[in-house]
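Structure file work-v4.pdb (PDB, C-alpha atoms) follows.
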```pdb
ATOM      1  CA  MET A   1     -19.779  -1.332  10.270
ATOM      2  CA  ALA A   2     -16.407  -2.864  10.296
ATOM      3  CA  VAL A   3     -17.015  -4.210  13.775
ATOM      4  CA  LYS A   4     -20.325  -5.680  12.725
ATOM      5  CA  ASP A   5     -18.774  -7.316   9.661
ATOM      6  CA  ARG A   6     -15.966  -8.698  11.705
ATOM      7  CA  ASP A   7     -18.423 -10.167  14.222
ATOM      8  CA  ARG A   8     -20.448 -11.622  11.429
ATOM      9  CA  PHE A   9     -17.542 -13.637  10.114
ATOM     10  CA  SER A  10     -16.125 -14.777  13.421
ATOM     11  CA  THR A  11     -16.308 -18.467  14.192
ATOM     12  CA  ALA A  12     -18.046 -18.002  17.489
ATOM     13  CA  THR A  13     -20.713 -15.856  15.900
ATOM     14  CA  ARG A  14     -21.201 -18.362  13.110
ATOM     15  CA  LEU A  15     -21.497 -21.267  15.533
ATOM     16  CA  LYS A  16     -23.939 -19.323  17.647
ATOM     17  CA  LEU A  17     -25.994 -18.452  14.589
ATOM     18  CA  LEU A  18     -25.924 -22.065  13.332
ATOM     19  CA  GLY A  19     -26.984 -23.330  16.764
ATOM     20  CA  GLU A  20     -29.923 -20.930  16.848
ATOM     21  CA  GLN A  21     -31.005 -21.915  13.339
ATOM     22  CA  THR A  22     -30.723 -25.612  14.148
ATOM     23  CA  ALA A  23     -32.686 -25.142  17.377
ATOM     24  CA  ALA A  24     -35.379 -23.276  15.452
ATOM     25  CA  ARG A  25     -35.597 -26.077  12.869
ATOM     26  CA  VAL A  26     -35.800 -28.774  15.542
ATOM     27  CA  TYR A  27     -38.471 -26.806  17.385
ATOM     28  CA  ARG A  28     -40.475 -26.325  14.171
ATOM     29  CA  SER A  29     -40.216 -30.022  13.257
ATOM     30  CA  GLN A  30     -41.308 -31.070  16.753
ATOM     31  CA  THR A  31     -44.326 -28.785  16.669
ATOM     32  CA  LYS A  32     -45.234 -30.059  13.196
ATOM     33  CA  ARG A  33     -44.984 -33.679  14.386
ATOM     34  CA  GLN A  34     -47.087 -32.913  17.420
ATOM     35  CA  ALA A  35     -49.630 -31.175  15.239
ATOM     36  CA  ARG A  36     -49.703 -34.121  12.854
ATOM     37  CA  ARG A  37     -50.072 -36.577  15.709
ATOM     38  CA  SER A  38     -52.976 -34.740  17.226
ATOM     39  CA  ARG A  39     -54.761 -34.496  13.849
ATOM     40  CA  LEU A  40     -54.112 -38.168  13.112
ATOM     41  CA  THR A  41     -55.362 -39.186  16.538
ATOM     42  CA  GLY A  42     -58.549 -37.198  16.032
ATOM     43  CA  ARG A  43     -59.086 -38.760  12.623
ATOM     44  CA  ALA A  44     -58.439 -42.213  14.019
ATOM     45  CA  ALA A  45     -60.911 -41.601  16.834
ATOM     46  CA  LEU A  46     -63.528 -40.375  14.367
ATOM     47  CA  LEU A  47     -62.904 -43.349  12.102
ATOM     48  CA  ALA A  48     -63.204 -45.725  15.044
ATOM     49  CA  LEU A  49     -66.449 -44.039  16.090
ATOM     50  CA  VAL A  50     -67.881 -44.367  12.578
ATOM     51  CA  VAL A  51     -66.865 -48.037  12.344
ATOM     52  CA  CYS A  52     -68.372 -48.823  15.753
ATOM     53  CA  THR A  53     -71.576 -47.029  14.801
ATOM     54  CA  LEU A  54     -71.808 -49.034  11.581
ATOM     55  CA  VAL A  55     -71.187 -52.301  13.413
ATOM     56  CA  VAL A  56     -73.885 -51.520  15.966
ATOM     57  CA  ALA A  57     -76.310 -50.316  13.293
ATOM     58  CA  LEU A  58     -75.772 -53.358  11.049
ATOM     59  CA  ALA A  59     -75.523 -56.091  13.696
ATOM     60  CA  TYR A  60     -79.269 -56.697  14.079
ATOM     61  CA  PRO A  61     -80.124 -56.666  10.338
ATOM     62  CA  ILE A  62     -77.251 -59.015   9.574
ATOM     63  CA  ARG A  63     -78.367 -61.385  12.330
ATOM     64  CA  GLN A  64     -81.917 -61.283  10.950
ATOM     65  CA  TYR A  65     -80.623 -61.943   7.439
ATOM     66  CA  VAL A  66     -78.608 -64.957   8.554
ATOM     67  CA  SER A  67     -81.488 -66.423  10.568
ATOM     68  CA  GLN A  68     -83.928 -65.891   7.690
ATOM     69  CA  ARG A  69     -81.552 -67.569   5.255
ATOM     70  CA  ALA A  70     -81.326 -70.546   7.615
ATOM     71  CA  GLU A  71     -85.118 -70.646   7.881
ATOM     72  CA  ILE A  72     -85.453 -70.495   4.096
ATOM     73  CA  ALA A  73     -83.023 -73.389   3.720
ATOM     74  CA  ASP A  74     -84.977 -75.394   6.305
ATOM     75  CA  LEU A  75     -88.273 -74.704   4.534
ATOM     76  CA  GLN A  76     -86.794 -75.727   1.184
ATOM     77  CA  ARG A  77     -85.602 -78.979   2.751
ATOM     78  CA  GLN A  78     -89.083 -79.601   4.178
ATOM     79  CA  LYS A  79     -90.615 -78.819   0.789
ATOM     80  CA  GLN A  80     -88.307 -81.355  -0.867
ATOM     81  CA  GLN A  81     -89.214 -84.009   1.714
ATOM     82  CA  ALA A  82     -92.926 -83.292   1.252
ATOM     83  CA  ALA A  83     -92.571 -83.601  -2.528
ATOM     84  CA  GLU A  84     -90.818 -86.966  -2.101
ATOM     85  CA  ARG A  85     -93.566 -88.137   0.281
ATOM     86  CA  VAL A  86     -96.262 -87.067  -2.206
ATOM     87  CA  GLU A  87     -94.494 -89.033  -4.929
ATOM     88  CA  GLN A  88     -94.342 -92.136  -2.696
ATOM     89  CA  LEU A  89     -98.039 -91.829  -1.885
ATOM     90  CA  ARG A  90     -98.911 -91.452  -5.570
ATOM     91  CA  ASP A  91     -96.954 -94.623  -6.326
ATOM     92  CA  LEU A  92     -98.738 -96.447  -3.506
ATOM     93  CA  LYS A  93    -102.128 -95.221  -4.744
ATOM     94  CA  ALA A  94    -101.322 -96.412  -8.253
ATOM     95  CA  ARG A  95    -100.331 -99.839  -6.870
ATOM     96  CA  TRP A  96    -103.594-100.128  -4.917
ATOM     97  CA  GLN A  97    -105.510 -99.428  -8.143
ATOM     98  CA  ASP A  98    -104.139-102.708  -9.465
ATOM     99  CA  ASP A  99    -106.460-105.591  -8.452
ATOM    100  CA  SER A 100    -103.680-108.151  -8.205
ATOM    101  CA  TYR A 101    -101.717-105.979  -5.746
ATOM    102  CA  ALA A 102    -104.829-105.368  -3.634
ATOM    103  CA  GLU A 103    -105.586-109.105  -3.576
ATOM    104  CA  GLN A 104    -101.978-109.888  -2.583
ATOM    105  CA  GLN A 105    -102.091-107.380   0.293
ATOM    106  CA  ILE A 106    -105.457-108.622   1.529
ATOM    107  CA  ARG A 107    -104.246-112.224   1.567
ATOM    108  CA  GLN A 108    -100.994-111.290   3.316
ATOM    109  CA  ARG A 109    -102.345-108.881   5.928
ATOM    110  CA  LEU A 110    -105.720-110.428   6.716
ATOM    111  CA  HIS A 111    -104.742-114.067   6.114
ATOM    112  CA  TYR A 112    -107.546-114.574   3.594
ATOM    113  CA  VAL A 113    -107.531-117.687   1.452
ATOM    114  CA  LEU A 114    -109.482-118.474  -1.672
ATOM    115  CA  PRO A 115    -112.054-121.266  -1.616
ATOM    116  CA  GLY A 116    -110.325-124.608  -1.900
ATOM    117  CA  GLU A 117    -107.002-123.384  -0.438
ATOM    118  CA  THR A 118    -105.685-124.316   2.977
ATOM    119  CA  GLY A 119    -104.263-121.475   5.042
ATOM    120  CA  TYR A 120    -101.390-121.947   7.472
ATOM    121  CA  VAL A 121    -100.043-119.557  10.101
ATOM    122  CA  VAL A 122     -96.599-120.404  11.437
ATOM    123  CA  ILE A 123     -95.848-119.109  14.914
ATOM    124  CA  ASP A 124     -92.337-118.946  16.277
ATOM    125  CA  PRO A 125     -92.340-120.817  19.636
ATOM    126  CA  ASP A 126     -89.755-118.481  21.162
ATOM    127  CA  ALA A 127     -91.907-115.465  20.332
ATOM    128  CA  ALA A 128     -94.954-117.114  21.933
ATOM    129  CA  LYS A 129     -93.041-117.830  25.168
ATOM    130  CA  GLN A 130     -91.715-114.294  25.275
ATOM    131  CA  SER A 131     -95.160-112.757  24.749
ATOM    132  CA  ARG A 132     -96.610-114.928  27.571
ATOM    133  CA  ALA A 133     -93.832-113.833  29.905
ATOM    134  CA  ASP A 134     -94.545-110.202  29.044
ATOM    135  CA  LEU A 135     -98.253-110.560  29.634
ATOM    136  CA  GLY A 136     -97.985-112.298  33.051
ATOM    137  CA  ALA A 137    -101.024-110.779  34.743
ATOM    138  CA  ALA A 138    -103.149-111.008  31.587
ATOM    139  CA  ASP A 139    -103.237-114.807  31.829
ATOM    140  CA  ARG A 140    -104.935-114.719  35.234
ATOM    141  CA  PRO A 141    -108.558-113.785  35.933
ATOM    142  CA  TRP A 142    -109.255-110.088  36.495
ATOM    143  CA  TYR A 143    -110.333-110.450  40.114
ATOM    144  CA  THR A 144    -107.008-112.074  40.989
ATOM    145  CA  ASN A 145    -105.202-109.021  39.630
ATOM    146  CA  VAL A 146    -107.452-106.689  41.642
ATOM    147  CA  TRP A 147    -106.880-108.652  44.855
ATOM    148  CA  ASP A 148    -103.092-108.680  44.279
ATOM    149  CA  GLY A 149    -103.208-104.909  43.831
ATOM    150  CA  VAL A 150    -105.037-104.523  47.163
ATOM    151  CA  ASP A 151    -102.485-106.775  48.891
ATOM    152  CA  LYS A 152     -99.551-104.801  47.425
ATOM    153  CA  SER A 153    -100.968-101.460  48.530
ATOM    154  CA  ASP A 154    -101.696-102.846  52.005
ATOM    155  CA  ALA A 155     -98.117-104.178  52.257
ATOM    156  CA  SER A 156     -96.659-100.789  51.270
ATOM    157  CA  ASP A 157     -98.587 -99.071  54.101
ATOM    158  CA  ARG A 158     -96.942-101.286  56.687
TER     159      ARG A 158
END
```
Structure rendered as structure tokens:
Amino acid sequence: MAVKDRDRFSTATRLKLLGEQTAARVYRSQTKRQARRSRLTGRAALLALVVCTLVVALAYPIRQYVSQRAEIADLQRQKQQAAERVEQLRDLKARWQDDSYAEQQIRQRLHYVLPGETGYVVIDPDAAKQSRADLGAADRPWYTNVWDGVDKSDASDR
């Protein structure tokens, strides 16, 4: 035993023993890290798969929800416009129930005058010239327009 005890306390033996222990610790820590990495990678892959599945599963309902909300907003806007139009028409109907308003509109639109009054219609000369220039063919007799149409079609054939 004395030889064994002496070997146990020698510096070389101690260094060798410390080196083996350190190597064992390093090896254990590396295997633990590798084990942790592989478990973490698997968890991350599973988490990514679950997230992707949720995104795919919820994409269509969310799109439908957004489009339906937009449609609801559009219908509410149309409803508001229709309510405003109904209110305008009610006001107009109430005005037409008044005889003085109806008489005013008849006189203005149909150029009616009461007995004893003299009615005047003022025509802007520039507007009359412009309307005649626009009409052009309407000022001539119909048969002249027909004959001009025949001449134009005959000239396009040549």
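Pairwise distance (atom CA of A:Leu46, atom CA of A:Tyr27) equals 28.7 Å.
As for atom CA of A:Val122 and atom CA of A:Gln108, they are spaced 13.0 Å apart.
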Between atom CA of A:Arg140 and atom CA of A:Lys152 lies a distance of 16.6 Å
